[in-house]
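The structure appears right after this line, and notes come after that.
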Amino acid sequence: MRYDAMKLGWPLLLSGAMAFGMASACSGDGGDGGEGTTCESNSDCTAPNVCLADGSCGPDDQGDAGEEPVIEEEDYVISYVRRTFPPNQEYDVRLYATSDAKHESIVPASADCTPPNLCGVTENLSHFIYMENGEGGFQDIYTAAIDPDSLEVTGALELSESGVLDARVRGAGVAYVDGDTAYYKEIGGEAQVVGVVATEPEGDAAPVPAHWDVDPSSGRTALYQPTLDSVTVLVGELGTPISAEDNLITISGVNFPGEAGSYYIGALPTAFSPDGNLVSFITVGPNNYNACNSNADCSGTAQECGDENRCTAIEATVNIIDMSNASNLGEACSSDAECGPVHRCDAATDDFDRAMCMPQRVVYGLPHFPQQGEPTRAGCDWTREDGSFAYTDIDSQMTFGEDGRIYVAAARECVRPLGDAAGEGTEANIPLSAITRIDPQTGTYDEIYGNPQGDDFDESRCYDEIEQQVVIDDCITRVVSAKLSPKGNDLIFSATNPNVVDPGLADRTFDMWSVQRDGTEPAWLTREPSTWSVVNFRVHADPRIDDAEEEAAE
């Protein structure tokens, strides 16, 4: 199923009269949006065509995904963190290789992976990383080598960095904040600067970092500087400190009526395309739509007329920046075509009053909290009543595929209380959820795999009584998080463990699954007992297979 803002009753504010429900000029080739069709905006063209500068639909090299890559068989390794349930919680990190279906613990005896400590492995599977939390929230980072043949930790943990903040595993190393500056350091290499990301508070307290991220593969860095009602987005290059010159756009929520809120303070999950040209990030904050004088002028669910006379609502949104056209962000525009194949021309009226180029906006829905609208209601209540949006939450993990699309899981965190009977207009007994795929050019998404219909969890659909074995063909699961495999053939995701029989546990007992990128051939991979649950995972190329292929080529 494919979704866009217009179909769901949420105007995307595309350029021209089409954005406001009026007829659009689209005459060439019968007006089907194919190559040569007359257009005013990208919305007049069928993908992968875009509206070119000459006012006709056609292919564009920037961001054009081309033909769909062939799906091939692929082996890889999954590293995942699992835990038992309270009161006696245990944490473990395991590796699972699809080539031999084996999975083993990789945690050295001297490491304690119980939060706030953190454990993981580098993307290239060269090292185990142990981040030990100390007094004041400062962390010490230890590393131990992983044997590339046995995939076992060899040797003792060695101290790499001490007294740092906000550490995370990235690429072949770790990223962290030391003082007020963020760095990335490949294991055994020199630290590369990201930039100043923290402000020194008064007294003896630790520095307070803004949200930032780094992608060693693409060489991109990102920094988000928030206020109570806005966030400034800066994107730079690894090794060169982020500075004011990297300021791309400020996303403002000042139009939202009432008191200012901390919409953008905290983590803004980020993903970078392999070539570094596209940067996507998630916000849960106000989005502005058409001009208004009162709430009666606002047709979107929960929208109110804001302080700057534009309709607005707080929405869960994936924002996408095209770095090849980043210079047009914030500039005046009169059509989407002026902003490039990805960015949109954000307009308040059909005469483009106050219109400017802004990042692409892919809206998934209203969050359950905070409550908003008139009358004030939670997101689940608003959307259950009118059916305009399926989702309330977007997962923090996003992956770019070779097809130029973004893959991310989303969920509707609205659940019928246990014991209540199902009926018309009620929620399911587990969250509706699915892996979705975003087209950055059109600003739309479609669903690939999961439970997008919002069916109830039913353990009988996951077990064959006659054969007395787990079956997954019709198993309804809660999908939590999804990532593409290294070569982009499979989606690996965490979802309800098929061993679960209690609906009350189906939303918090997860194991590892896979499905092909097109949503076919689902498989239950790690087959953990339901006494454990996956809380985090990464996907890696199998170094043993790469070596074997190189030897065969020689």
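In the structure tokens, chains take letters A, B, ... by order of appearance, with residues numbered from 1 within each chain and ligands from 1 in the order shown.
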Pick out the residues sitting within 9 Å of A:Ala326, and hand them over as a PDB file with N, CA, C and O atoms, in the first residue's frame; count only C-alpha atoms, and ignore anything fewer than 6 positions along from it in its own chain.
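Result file result-v6.pdb:
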ATOM      1  N   LEU A 248      22.519  24.697   7.183  1.00  0.00           N
ATOM      2  CA  LEU A 248      21.687  24.476   6.005  1.00  0.00           C
ATOM      3  C   LEU A 248      20.301  25.092   6.130  1.00  0.00           C
ATOM      4  O   LEU A 248      19.804  25.712   5.201  1.00  0.00           O
ATOM      5  N   ILE A 249      19.652  24.893   7.269  1.00  0.00           N
ATOM      6  CA  ILE A 249      18.262  25.338   7.409  1.00  0.00           C
ATOM      7  C   ILE A 249      17.873  25.335   8.885  1.00  0.00           C
ATOM      8  O   ILE A 249      18.419  24.554   9.673  1.00  0.00           O
ATOM      9  N   HIS A 343      13.946  18.388  -2.647  1.00  0.00           N
ATOM     10  CA  HIS A 343      13.381  19.435  -1.800  1.00  0.00           C
ATOM     11  C   HIS A 343      12.017  19.881  -2.318  1.00  0.00           C
ATOM     12  O   HIS A 343      11.678  19.662  -3.477  1.00  0.00           O
ATOM     13  N   PRO A 359      13.482  21.100   3.199  1.00  0.00           N
ATOM     14  CA  PRO A 359      13.739  19.666   3.047  1.00  0.00           C
ATOM     15  C   PRO A 359      12.457  18.906   2.704  1.00  0.00           C
ATOM     16  O   PRO A 359      11.351  19.338   3.059  1.00  0.00           O
TER      17      PRO A 359
END
Return as a ChimeraX atom specification the full set of residues in stretch 312-515 of chain A whose backbone-based DSSP assignment is strand (DSSP E). /A:312-322,344-346,356-358,360-365,393-400,406-412,432-439,444-451,463-464,469-470,479-484,490-496,510-515
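Every protein, DNA or RNA residue with an atom at most 6 Å from stretch 407-417 of chain A, where only C-alpha atoms count and chain neighbours fewer than 6 positions away do not, is listed here: A:Cys380, A:Tyr391, A:Thr392, A:Asp393, A:Ile394, A:Asp395, A:Met398, A:Thr399, A:Glu427, A:Ala428, A:Asn429, A:Ile430, A:Pro431, A:Leu432, A:Ser433, A:Ala434, A:Ile435, A:Thr436, A:Arg437, A:Ser481, A:Ala482.
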Writer output for current selection, all heavy atoms, as a short mmCIF file (atom, residue, chain, number, x, y, z; two decimals), in the first residue's frame:
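Wrote it out as again15.cif, contents follow:
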data_model
loop_
_atom_site.label_atom_id
_atom_site.label_comp_id
_atom_site.auth_asym_id
_atom_site.auth_seq_id
_atom_site.Cartn_x
_atom_site.Cartn_y
_atom_site.Cartn_z
N CYS A 380 -3.65 8.99 19.10
CA CYS A 380 -4.40 7.76 18.85
C CYS A 380 -5.89 8.05 18.72
O CYS A 380 -6.57 7.47 17.88
CB CYS A 380 -4.16 6.75 19.97
SG CYS A 380 -2.50 6.02 19.98
N TYR A 391 0.17 5.55 11.52
CA TYR A 391 1.28 5.44 12.46
C TYR A 391 1.39 6.61 13.42
O TYR A 391 0.95 7.73 13.13
CB TYR A 391 2.59 5.30 11.67
CG TYR A 391 2.59 4.09 10.78
CD1 TYR A 391 2.45 4.20 9.40
CD2 TYR A 391 2.68 2.81 11.33
CE1 TYR A 391 2.43 3.08 8.59
CE2 TYR A 391 2.67 1.68 10.52
CZ TYR A 391 2.53 1.82 9.15
OH TYR A 391 2.50 0.71 8.35
N THR A 392 1.98 6.34 14.57
CA THR A 392 2.27 7.38 15.55
C THR A 392 3.77 7.52 15.80
O THR A 392 4.20 8.53 16.33
CB THR A 392 1.59 7.08 16.90
OG1 THR A 392 2.11 5.83 17.42
CG2 THR A 392 0.08 6.97 16.75
N ASP A 393 4.55 6.49 15.45
CA ASP A 393 5.97 6.47 15.76
C ASP A 393 6.79 5.95 14.59
O ASP A 393 6.36 5.04 13.87
CB ASP A 393 6.24 5.58 16.98
CG ASP A 393 5.73 6.19 18.27
OD1 ASP A 393 4.51 6.13 18.51
OD2 ASP A 393 6.55 6.76 19.01
N ILE A 394 8.01 6.51 14.42
CA ILE A 394 8.97 6.05 13.42
C ILE A 394 10.19 5.54 14.17
O ILE A 394 10.68 6.20 15.09
CB ILE A 394 9.38 7.18 12.47
CG1 ILE A 394 8.16 7.93 11.94
CG2 ILE A 394 10.22 6.64 11.32
CD1 ILE A 394 8.52 9.22 11.21
N ASP A 395 10.69 4.37 13.80
CA ASP A 395 11.86 3.82 14.47
C ASP A 395 13.09 4.68 14.20
O ASP A 395 13.17 5.37 13.18
CB ASP A 395 12.11 2.39 13.99
CG ASP A 395 13.27 1.74 14.72
OD1 ASP A 395 13.20 1.63 15.97
OD2 ASP A 395 14.24 1.35 14.06
N MET A 398 17.25 4.05 10.28
CA MET A 398 16.91 4.20 8.87
C MET A 398 18.09 3.72 8.03
O MET A 398 19.25 3.92 8.41
CB MET A 398 16.61 5.67 8.53
CG MET A 398 15.38 6.23 9.21
SD MET A 398 15.10 7.98 8.78
CE MET A 398 16.37 8.77 9.78
N THR A 399 17.80 3.10 6.88
CA THR A 399 18.85 2.61 5.99
C THR A 399 18.54 3.03 4.57
O THR A 399 17.42 2.89 4.10
CB THR A 399 18.95 1.07 6.03
OG1 THR A 399 18.93 0.61 7.37
CG2 THR A 399 20.22 0.59 5.36
N GLU A 427 -8.71 -0.77 18.89
CA GLU A 427 -7.34 -1.04 18.45
C GLU A 427 -7.07 -2.53 18.54
O GLU A 427 -7.83 -3.30 19.15
CB GLU A 427 -6.34 -0.28 19.33
CG GLU A 427 -6.56 1.22 19.38
CD GLU A 427 -6.15 1.93 18.10
OE1 GLU A 427 -5.60 1.26 17.19
OE2 GLU A 427 -6.38 3.15 18.00
N ALA A 428 -5.94 -2.96 17.95
CA ALA A 428 -5.50 -4.35 18.07
C ALA A 428 -4.87 -4.58 19.44
O ALA A 428 -4.62 -3.63 20.19
CB ALA A 428 -4.51 -4.69 16.96
N ASN A 429 -4.60 -5.86 19.77
CA ASN A 429 -3.98 -6.14 21.07
C ASN A 429 -2.46 -6.02 21.04
O ASN A 429 -1.79 -6.17 22.06
CB ASN A 429 -4.40 -7.52 21.59
CG ASN A 429 -3.97 -8.65 20.66
OD1 ASN A 429 -3.19 -8.47 19.72
ND2 ASN A 429 -4.48 -9.85 20.92
N ILE A 430 -1.87 -5.75 19.85
CA ILE A 430 -0.47 -5.36 19.72
C ILE A 430 -0.43 -4.18 18.74
O ILE A 430 -1.37 -4.00 17.95
CB ILE A 430 0.43 -6.50 19.20
CG1 ILE A 430 -0.02 -6.96 17.81
CG2 ILE A 430 0.48 -7.65 20.19
CD1 ILE A 430 0.97 -7.91 17.15
N PRO A 431 0.63 -3.38 18.76
CA PRO A 431 0.67 -2.23 17.85
C PRO A 431 0.70 -2.66 16.39
O PRO A 431 1.39 -3.61 16.02
CB PRO A 431 1.99 -1.53 18.23
CG PRO A 431 2.26 -1.96 19.63
CD PRO A 431 1.76 -3.36 19.72
N LEU A 432 -0.08 -1.97 15.57
CA LEU A 432 0.06 -2.09 14.13
C LEU A 432 1.48 -1.64 13.78
O LEU A 432 1.96 -0.62 14.29
CB LEU A 432 -0.97 -1.19 13.47
CG LEU A 432 -1.01 -0.96 11.96
CD1 LEU A 432 -2.42 -0.53 11.56
CD2 LEU A 432 -0.02 0.09 11.50
N SER A 433 2.19 -2.37 12.91
CA SER A 433 3.57 -2.02 12.60
C SER A 433 3.97 -2.63 11.27
O SER A 433 3.40 -3.62 10.82
CB SER A 433 4.52 -2.51 13.70
OG SER A 433 4.43 -3.93 13.84
N ALA A 434 4.98 -2.02 10.63
CA ALA A 434 5.45 -2.52 9.34
C ALA A 434 6.79 -1.90 9.00
O ALA A 434 7.15 -0.83 9.51
CB ALA A 434 4.44 -2.22 8.23
N ILE A 435 7.54 -2.57 8.12
CA ILE A 435 8.72 -1.99 7.50
C ILE A 435 8.24 -1.18 6.31
O ILE A 435 7.47 -1.67 5.48
CB ILE A 435 9.70 -3.07 7.03
CG1 ILE A 435 10.09 -3.98 8.20
CG2 ILE A 435 10.95 -2.44 6.42
CD1 ILE A 435 10.86 -5.22 7.77
N THR A 436 8.66 0.07 6.22
CA THR A 436 8.22 0.95 5.13
C THR A 436 9.42 1.37 4.28
O THR A 436 10.57 1.33 4.72
CB THR A 436 7.51 2.19 5.67
OG1 THR A 436 8.45 3.02 6.37
CG2 THR A 436 6.38 1.81 6.61
N ARG A 437 9.11 1.82 3.06
CA ARG A 437 10.14 2.26 2.12
C ARG A 437 9.75 3.64 1.58
O ARG A 437 8.66 3.83 1.05
CB ARG A 437 10.25 1.26 0.98
CG ARG A 437 11.17 1.66 -0.17
CD ARG A 437 11.25 0.56 -1.20
NE ARG A 437 9.92 0.14 -1.64
CZ ARG A 437 9.67 -1.03 -2.23
NH1 ARG A 437 10.64 -1.90 -2.45
NH2 ARG A 437 8.44 -1.33 -2.61
N SER A 481 12.30 -2.83 14.58
CA SER A 481 13.37 -2.09 13.92
C SER A 481 13.87 -2.90 12.74
O SER A 481 13.86 -4.14 12.78
CB SER A 481 14.52 -1.83 14.91
OG SER A 481 15.48 -0.95 14.38
N ALA A 482 14.31 -2.23 11.66
CA ALA A 482 14.74 -2.94 10.45
C ALA A 482 15.94 -2.24 9.82
O ALA A 482 16.05 -1.01 9.85
CB ALA A 482 13.59 -3.00 9.44
#
Residue nearest A:Lys487 among A:Ile78, A:Ala271, A:Val70, A:Cys45 (counting only C-alpha atoms): A:Val70
Selection near A:Phe128, 7 Å with only C-alpha atoms, sequence-local residues under 3 positions removed, as a VMD selection string: chain A and resid 120 to 122 143 to 146
Now that the selection is made, can you save its residues with C-alpha atoms as a compact mmCIF listing (two decimals), in the first residue's frame?
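The file below, again-v7.txt, is the result:
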# COMPACT_ATOMS: atom_id res chain seq x y z
CA GLY A 120 28.84 -3.65 20.67
CA VAL A 121 31.07 -4.55 17.74
CA THR A 122 32.51 -2.45 14.92
CA THR A 143 38.34 -2.54 22.84
CA ALA A 144 39.32 -6.15 22.14
CA ALA A 145 40.21 -7.68 18.78
CA ILE A 146 37.89 -10.18 17.05
Neighbours of A:Ala296 within 9 Å (only C-alpha atoms; same-chain residues fewer than 4 positions away dropped), as a short mmCIF file (atom, residue, chain, number, x, y, z; two decimals) with all heavy atoms, in the first residue's frame?
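See around.cif below for the written result:
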data_model
loop_
_atom_site.label_atom_id
_atom_site.label_comp_id
_atom_site.auth_asym_id
_atom_site.auth_seq_id
_atom_site.Cartn_x
_atom_site.Cartn_y
_atom_site.Cartn_z
N CYS A 292 -4.24 30.56 7.07
CA CYS A 292 -5.53 30.49 7.78
C CYS A 292 -5.77 31.76 8.58
O CYS A 292 -4.84 32.51 8.90
CB CYS A 292 -5.54 29.28 8.72
SG CYS A 292 -4.24 29.33 9.99
N GLU A 304 -4.47 23.20 13.84
CA GLU A 304 -4.97 24.45 14.39
C GLU A 304 -4.38 25.61 13.60
O GLU A 304 -3.32 25.47 12.98
CB GLU A 304 -4.59 24.60 15.86
CG GLU A 304 -5.12 23.53 16.77
CD GLU A 304 -4.61 23.69 18.19
OE1 GLU A 304 -5.18 24.53 18.92
OE2 GLU A 304 -3.64 23.01 18.56
N CYS A 305 -5.03 26.74 13.64
CA CYS A 305 -4.49 27.94 13.01
C CYS A 305 -3.45 28.53 13.95
O CYS A 305 -3.74 28.88 15.10
CB CYS A 305 -5.59 28.96 12.73
SG CYS A 305 -5.07 30.32 11.66
#
Could you tell me, as a PyMOL selection string, which residues of stretch 30-190 of chain A DSSP assigns to helix (DSSP H, G or I) when given the backbone? chain A and resi 30-31+42-44+135-137
Hey, can you spit out that residue selection with N, CA, C and O atoms as a compact mmCIF listing (two decimals), in the first residue's frame?
# COMPACT_ATOMS: atom_id res chain seq x y z
N GLY A 30 -0.92 12.65 -22.87
CA GLY A 30 -2.17 12.27 -22.23
C GLY A 30 -2.22 12.59 -20.76
O GLY A 30 -3.13 12.19 -20.06
N GLY A 31 -1.21 13.34 -20.25
CA GLY A 31 -1.25 13.74 -18.85
C GLY A 31 -0.99 12.62 -17.88
O GLY A 31 -1.47 12.64 -16.77
N ASN A 42 7.02 18.18 -9.20
CA ASN A 42 7.34 16.75 -9.25
C ASN A 42 6.09 15.88 -9.10
O ASN A 42 6.05 14.75 -9.58
N SER A 43 5.07 16.42 -8.45
CA SER A 43 3.85 15.63 -8.22
C SER A 43 3.10 15.34 -9.52
O SER A 43 2.27 14.44 -9.58
N ASP A 44 3.38 16.13 -10.58
CA ASP A 44 2.73 15.92 -11.87
C ASP A 44 3.39 14.81 -12.68
O ASP A 44 2.89 14.44 -13.74
N GLU A 135 31.27 7.76 37.12
CA GLU A 135 30.69 8.85 37.88
C GLU A 135 30.45 10.06 36.98
O GLU A 135 31.28 10.41 36.14
N GLY A 136 29.29 10.69 37.15
CA GLY A 136 28.97 11.88 36.39
C GLY A 136 28.57 11.60 34.96
O GLY A 136 28.45 12.53 34.15
N GLY A 137 28.35 10.32 34.61
CA GLY A 137 27.97 9.98 33.25
C GLY A 137 29.12 9.87 32.29
O GLY A 137 28.92 9.59 31.09
Contact residues around A:Ala347 with only C-alpha atoms at 7 Å, ignoring same-chain residues under 5 positions, as a count of residues only: 6
May I have the residues within 9 Å of A:Thr526 as a ChimeraX atom specification, using only C-alpha atoms and disregarding those fewer than 3 positions away in the same chain? /A:96,101-103,511-513
Go ahead and write the selection's residues with N, CA, C and O atoms as a compact mmCIF listing (two decimals), in the first residue's frame.
# COMPACT_ATOMS: atom_id res chain seq x y z
N TYR A 96 25.40 -13.80 15.01
CA TYR A 96 24.71 -14.85 14.25
C TYR A 96 25.13 -14.74 12.79
O TYR A 96 24.98 -13.69 12.16
N ALA A 101 24.27 -20.53 10.32
CA ALA A 101 23.15 -20.45 11.27
C ALA A 101 23.61 -20.65 12.72
O ALA A 101 22.83 -21.11 13.56
N LYS A 102 24.84 -20.28 13.01
CA LYS A 102 25.33 -20.39 14.39
C LYS A 102 25.32 -19.01 15.03
O LYS A 102 25.57 -18.00 14.38
N HIS A 103 25.03 -19.01 16.33
CA HIS A 103 25.13 -17.76 17.06
C HIS A 103 25.69 -18.02 18.44
O HIS A 103 25.25 -18.93 19.16
N ASP A 511 12.78 -11.20 18.66
CA ASP A 511 13.90 -11.97 18.14
C ASP A 511 14.19 -11.48 16.73
O ASP A 511 13.50 -10.61 16.20
N MET A 512 15.22 -12.07 16.09
CA MET A 512 15.68 -11.58 14.79
C MET A 512 15.02 -12.33 13.63
O MET A 512 14.95 -13.56 13.63
N TRP A 513 14.57 -11.56 12.64
CA TRP A 513 13.94 -12.07 11.44
C TRP A 513 14.64 -11.50 10.21
O TRP A 513 15.44 -10.57 10.32
Go through stretch 72-105 of chain A and flag each residue having an atom no more than 12 Å from stretch 531-537 of chain A; for those, report the closest pair of atoms plus their distance in Å to one decimal, using only C-alpha atoms, ordered by chain and rising number, as CSV.
residue,atom,partner,partner_atom,distance
A:Val77,CA,A:Phe537,CA,10.5
A:Ile78,CA,A:Phe537,CA,6.9
A:Ser79,CA,A:Phe537,CA,5.5
A:Tyr80,CA,A:Phe537,CA,4.0
A:Val81,CA,A:Asn536,CA,5.2
A:Arg82,CA,A:Val534,CA,4.2
A:Arg83,CA,A:Trp532,CA,5.4
A:Thr84,CA,A:Trp532,CA,4.6
A:Phe85,CA,A:Trp532,CA,7.0
A:Pro86,CA,A:Thr531,CA,10.5
A:Asn88,CA,A:Thr531,CA,11.4
A:Gln89,CA,A:Trp532,CA,9.6
A:Glu90,CA,A:Trp532,CA,9.0
A:Tyr91,CA,A:Trp532,CA,9.2
A:Asp92,CA,A:Val534,CA,9.6
A:Val93,CA,A:Phe537,CA,9.1
A:Arg94,CA,A:Phe537,CA,9.4
A:Leu95,CA,A:Phe537,CA,9.7
A:Tyr96,CA,A:Phe537,CA,10.6
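Atom pair atom CA of A:Leu223 / atom CA of A:Glu331: separated by 21.2 Å.
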Given the choices A:Glu521, A:Glu338, A:Glu74, A:Asp307, which gets closest to A:Leu52 if the distance is worked out from only C-alpha atoms?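 So, comparing all the options, the nearest one is A:Glu338.
For the set A:Asp518, A:Asp178, A:Glu467, A:Glu158, the residue with the smallest atom-to-atom gap to A:Pro209 is A:Asp178, counting only C-alpha atoms.
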Nearest candidate to A:Ser162 (options A:Thr98, A:Gln139, A:Thr442, A:Ser273; using only C-alpha atoms): A:Gln139
Record the distance separating atom CA of A:Gly340 and atom CA of A:Asn319, expressed in Å with one decimal. 15.0 Å
Atom CA of A:Arg405 to atom CA of A:Pro69, distance in Å rounded to a single decimal: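 Those two atoms sit 11.6 Å apart.
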